[in-house]
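Undergrad: Encoded as structure tokens, here's the structure I'll be asking about.
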Amino acid sequence: MAASSFLTGERAVVALFIGWIVFSTPHSLLFESLSLSLLSLLALSVEISVDASSSIPLSHFFNTRPGASSGIFLGAVTLPGLMVSKLVQMSRAVSLNHVGSEELENLQLLYWVTSASCYTVLAYLCFIFYHQSDSKNCVTSRCSLTCIALYFGVCCVSFAVKSHGGWYTAAILLWLFSHGFAAVKLIQNILHTFPACASIGEALLVTVGLVIYFGDMLAGTAAKSHGYFTASKVVSISYGIQRSEVSVIIQGLIIGLLLFPMLFKYVLQILERVGLASSRDSADNHIRRSFVFYISLACVLIIAIPSWMQLVQDFHVHPFLWVLDFVLSEPLKRLSLCIYWLVVIYVSVIRFYNISKSSKIERILLRKYYHLMAVSMFVPALIFQPKFLDLAFGAALAVFLMLEIIRIWRIWPLGQLVHQFMNAFTDHRDTDLLVVSHFSLLLGCALPIWLSSGFNDRPLAPFAGILSLGIGDTMASVVGYKYGVLRWSKTGKKTIEGTAAGITSVLAACSILLPLLATTRYILAQNWFSLLFAVTISGLLEAYTAQLDNAFIPLVFYSLLCL
């Protein structure tokens, strides 16, 4: 196969992204840098093997999203690369005595959890591919096995050097393996429960993110309650760092709502067994099931989730009363901001929904207006009320999760109405089974802000999602659609003019934003060459990737801004 078929635009951009991170890593993070390099080689090897296979492709085995490449390379390195970038930033904080060394140790363990989860999933994909494929590629097979063996050796040496006993290393390796095993089971469940809804790379990104989030919750709970597991000392040391009330509330809400569908399904099965519910699709049974849904949801939101919050955090009142007190602690600013958000959302949604029903405007352009709406909503709040914006993002994500659960289960009386409304703004990446566009936009803006809590010496890092999606992606789409002539590839729709407009607009926004931030709490420490590189890489990734750009571009941009 020709070399050009191996070195695609997306792979070249991702390789530059990883290369810049590895180049920026200090010697104190040698093991993390080596493991990230090995992970990148393994992911690239697996992607090349999958895409070059002439027999039954791996994507057919998993029934992935039509029209998308496997995305394994990008999906496997995004979160580990982000964690190494955060480690570089945290190393600067430790050297300046802004944070303690325990913060760095905590982040290092999170990195190894992230990379181990990715490695285990990649090893599973290797096994599936070589088991299904008739033509075995010896070169890529040897490369994959070598990377896996070297990674395991680097991981063992890293913890053996830092620890004071073999039991600690064994406990850490067991902890990492448990995350890897959970990641394999979860990606299987996601790809089979939601067929044709995501590529392998997108599913891998979501899987590893959820495993990290759930593992952090379990470890934090064990550390707080002095758990009874073998690795309790390990997690109590590494996860015993004080958390904010806002982060605990967001984590409880999100994880509780993600687990709620399984609880609801289990409750329905119990009711069917005792004869209080039926599986028949009748109107009475549908209403009865909806009633059970709302009762179960209320119990989870009012009793179960707050109970966990009070277990891991010392709330002196009910967590929801704490939220009310938090909002009213600065009533003029925060209530005014809430009113502003409601007005913007109401006017925008009503106007764009009517336009989508009566106009011939391309849906992709109509959806970009919501990106601009995100800029107008989030930039003022991020500058003047960042803590309140953290909580607001968590509340918005919880509302989106509840609405999506109601839409999927067609819960009366809102299910069908929500489904009809969402269909007005979907694109080719959404299906009737799962609508992901609004989640990706919200999380794309929220994650850089959440990740910037605590020490942050890069003033533009929290704005990574807003800048890349709200401004860069929007300008690239509008200019490319109206004026684009030169295409990046013969088969793609992305144009050079659109990419140039996106990169230029983000740089212009940064030049306006930096002086504004200088008048607030931020201390400017942004290198313009690094900023230009970060903006260019994120712009090129938007041009070349066939993955869900709202999910990947903000994380890549944020990672580069942290260096």
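A note on labels: chains of the structure tokens are A, B, ... as shown, every chain counts residues from 1, and ligands are counted from 1 in their shown order.
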List the spatial neighbours of Leu433 of chain A as a PDB file with C-alpha atoms, in the first residue's frame - criterion: any atom at most 9 Å away, only C-alpha atoms, same-chain residues fewer than 6 positions off excluded.

TA:
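Result saved to selection.pdb:
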```
ATOM      1  CA  PHE A 194     -26.163   2.252  20.431  1.00  0.00           C
ATOM      2  CA  PRO A 195     -25.348   0.742  17.015  1.00  0.00           C
ATOM      3  CA  CYS A 197     -24.180   6.033  16.656  1.00  0.00           C
ATOM      4  CA  ILE A 408     -35.316   7.582  24.273  1.00  0.00           C
TER       5      ILE A 408
END
```

Undergrad: Report the closest atom pair, with its distance in Å rounded to one decimal, for each residue of segment 56-157 of chain A that has an atom no farther than 12 Å from segment 169-173 of chain A; count only C-alpha atoms, sort by chain and then rising residue number, and write it as a Markdown table.

TA:
```
| residue | atom | partner | partner_atom | distance |
| --- | --- | --- | --- | --- |
| A:Gln108 | CA | A:Ile172 | CA | 11.8 |
| A:Leu109 | CA | A:Ile172 | CA | 8.7 |
| A:Leu110 | CA | A:Ile172 | CA | 11.3 |
| A:Trp112 | CA | A:Ile172 | CA | 9.5 |
| A:Val113 | CA | A:Ile172 | CA | 9.4 |
| A:Ala116 | CA | A:Leu173 | CA | 9.4 |
| A:Ser117 | CA | A:Leu173 | CA | 11.8 |
| A:Phe152 | CA | A:Leu173 | CA | 9.6 |
| A:Gly153 | CA | A:Leu173 | CA | 11.4 |
| A:Val154 | CA | A:Leu173 | CA | 11.9 |
| A:Cys155 | CA | A:Leu173 | CA | 8.4 |
| A:Cys156 | CA | A:Thr169 | CA | 7.2 |
| A:Val157 | CA | A:Thr169 | CA | 9.2 |
```

Undergrad: Per residue of segment 77-141 of chain A within 10 Å of segment 240-258 of chain A, note the shortest atom pair and the distance in Å to one decimal, counting only C-alpha atoms, and order the rows by chain and increasing residue number, as a Markdown table.

TA:
```
| residue | atom | partner | partner_atom | distance |
| --- | --- | --- | --- | --- |
| A:Glu102 | CA | A:Ile241 | CA | 8.0 |
| A:Glu103 | CA | A:Ile241 | CA | 7.4 |
| A:Asn106 | CA | A:Ile241 | CA | 8.1 |
```

Undergrad: So what do you get for atom CA of Ser144 of chain A versus atom CA of Gly201 of chain A, distance-wise?

TA: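 Separation of atom CA of Ser144 of chain A and atom CA of Gly201 of chain A: 17.4 Å.
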
Undergrad: Looking at A:Pro319, A:Pro386, A:Pro80, A:Pro459, which one is nearest to Ile303 of chain A, with distances taken over only C-alpha atoms?

TA: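 Counting only C-alpha atoms, the residue closest to Ile303 of chain A is A:Pro319.
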
Undergrad: Quick one: residues within 10 Å of Phe181 of chain A, only C-alpha atoms counted, chain neighbours fewer than 3 positions away excluded, as a PDB file with C-alpha atoms, in the first residue's frame?

TA:
```
ATOM      1  CA  ALA A 116      -4.042   1.824  30.980  1.00  0.00           C
ATOM      2  CA  SER A 117      -7.715   2.011  30.002  1.00  0.00           C
ATOM      3  CA  THR A 120      -6.444  -2.406  27.390  1.00  0.00           C
ATOM      4  CA  VAL A 121      -9.088  -1.393  24.857  1.00  0.00           C
ATOM      5  CA  TYR A 124      -8.806  -5.963  22.926  1.00  0.00           C
ATOM      6  CA  LEU A 176      -5.086  -0.057  36.652  1.00  0.00           C
ATOM      7  CA  PHE A 177      -6.133  -3.472  35.372  1.00  0.00           C
ATOM      8  CA  SER A 178      -9.583  -3.085  36.908  1.00  0.00           C
ATOM      9  CA  VAL A 184     -13.361  -3.080  27.593  1.00  0.00           C
ATOM     10  CA  LYS A 185     -16.749  -4.120  28.975  1.00  0.00           C
ATOM     11  CA  LEU A 186     -18.100  -0.564  28.689  1.00  0.00           C
ATOM     12  CA  VAL A 211     -14.250   4.966  33.365  1.00  0.00           C
TER      13      VAL A 211
END
```

Undergrad: Using DSSP on the backbone coordinates, identify all residues within segment 202-350 of chain A classified as alpha helix (DSSP H); present the result as a ChimeraX atom specification.

TA: /A:202-224,232-238,245-273,283-299,305-312,319-328,331-350

Undergrad: At a cut-off of 12 Å, using only C-alpha atoms, what residues contact Leu16 of chain A? Leave out same-chain residues fewer than 2 positions from it and give the result as a list of chain:residue names.

TA: A:Gly9, A:Glu10, A:Arg11, A:Ala12, A:Val13, A:Val14, A:Ile18, A:Gly19, A:Trp20, A:Ile21, A:Val22, A:Phe23, A:Ser37, A:Ser40, A:Leu74, A:Val77, A:Gly81, A:Phe533, A:Ala534, A:Thr536, A:Ile537, A:Ser538, A:Leu540, A:Leu541, A:Val556, A:Leu560

Undergrad: Which of these, A:Val436, A:Met373, A:Ala392, A:Val84, has the shortest distance to Ile345 of chain A once you count only C-alpha atoms?

TA: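 Residue with the minimum atom-to-atom distance to Ile345 of chain A: A:Met373.
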
Undergrad: Would you mind listing what lies within 6 Å of Val479 of chain A as a list in words, with only C-alpha atoms counted and same-chain residues fewer than 4 positions away left out?

TA: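 Here the qualifying residues turn out to be Met475, Tyr483 and Gly498 of chain A.
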
Undergrad: So how far away is atom CA of Ala43 of chain A from atom CA of Leu79 of chain A, in Å?

TA: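 We find that atom CA of Leu79 of chain A and atom CA of Ala43 of chain A lie 12.9 Å from each other.
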
Undergrad: How many Å separate atom CA of Leu451 of chain A from atom CA of Phe320 of chain A?

TA: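 Spanning atom CA of Leu451 of chain A to atom CA of Phe320 of chain A is a straight-line distance of 23.4 Å.
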
Undergrad: Neighbouring residues of Gln547 of chain A were defined as those with any atom within 9 Å, considering only C-alpha atoms; residues of the same chain fewer than 5 positions away were excluded. Please report them as a list in words.

TA: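 Using only C-alpha atoms, the neighbours found are Ala68, Ser69, Ser70, Gly71, Leu74, Gly75, Ala198, Ser199, Gly201, Glu202 and Phe552 of chain A.
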
Undergrad: Counting only C-alpha atoms, which residue out of A:Leu205, A:Ile128, A:Ile212, A:Leu324 sits closest to Leu107 of chain A?

TA: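 When distances to Leu107 of chain A are compared using only C-alpha atoms, the smallest one comes from A:Ile212.
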
Undergrad: Using only C-alpha atoms for the distances, tell me which of A:Leu403, A:Ala222, A:Val349, A:Ala396 is nearest to Gly415 of chain A.

TA: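 Closest residue, counting only C-alpha atoms: A:Leu403.
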
Undergrad: Between A:Leu401, A:Leu311, A:Met377, A:Leu150, which has the minimum distance to Tyr340 of chain A (counting only C-alpha atoms)?

TA: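 Among A:Leu401, A:Leu311, A:Met377, A:Leu150, it is A:Met377 that comes nearest to Tyr340 of chain A.
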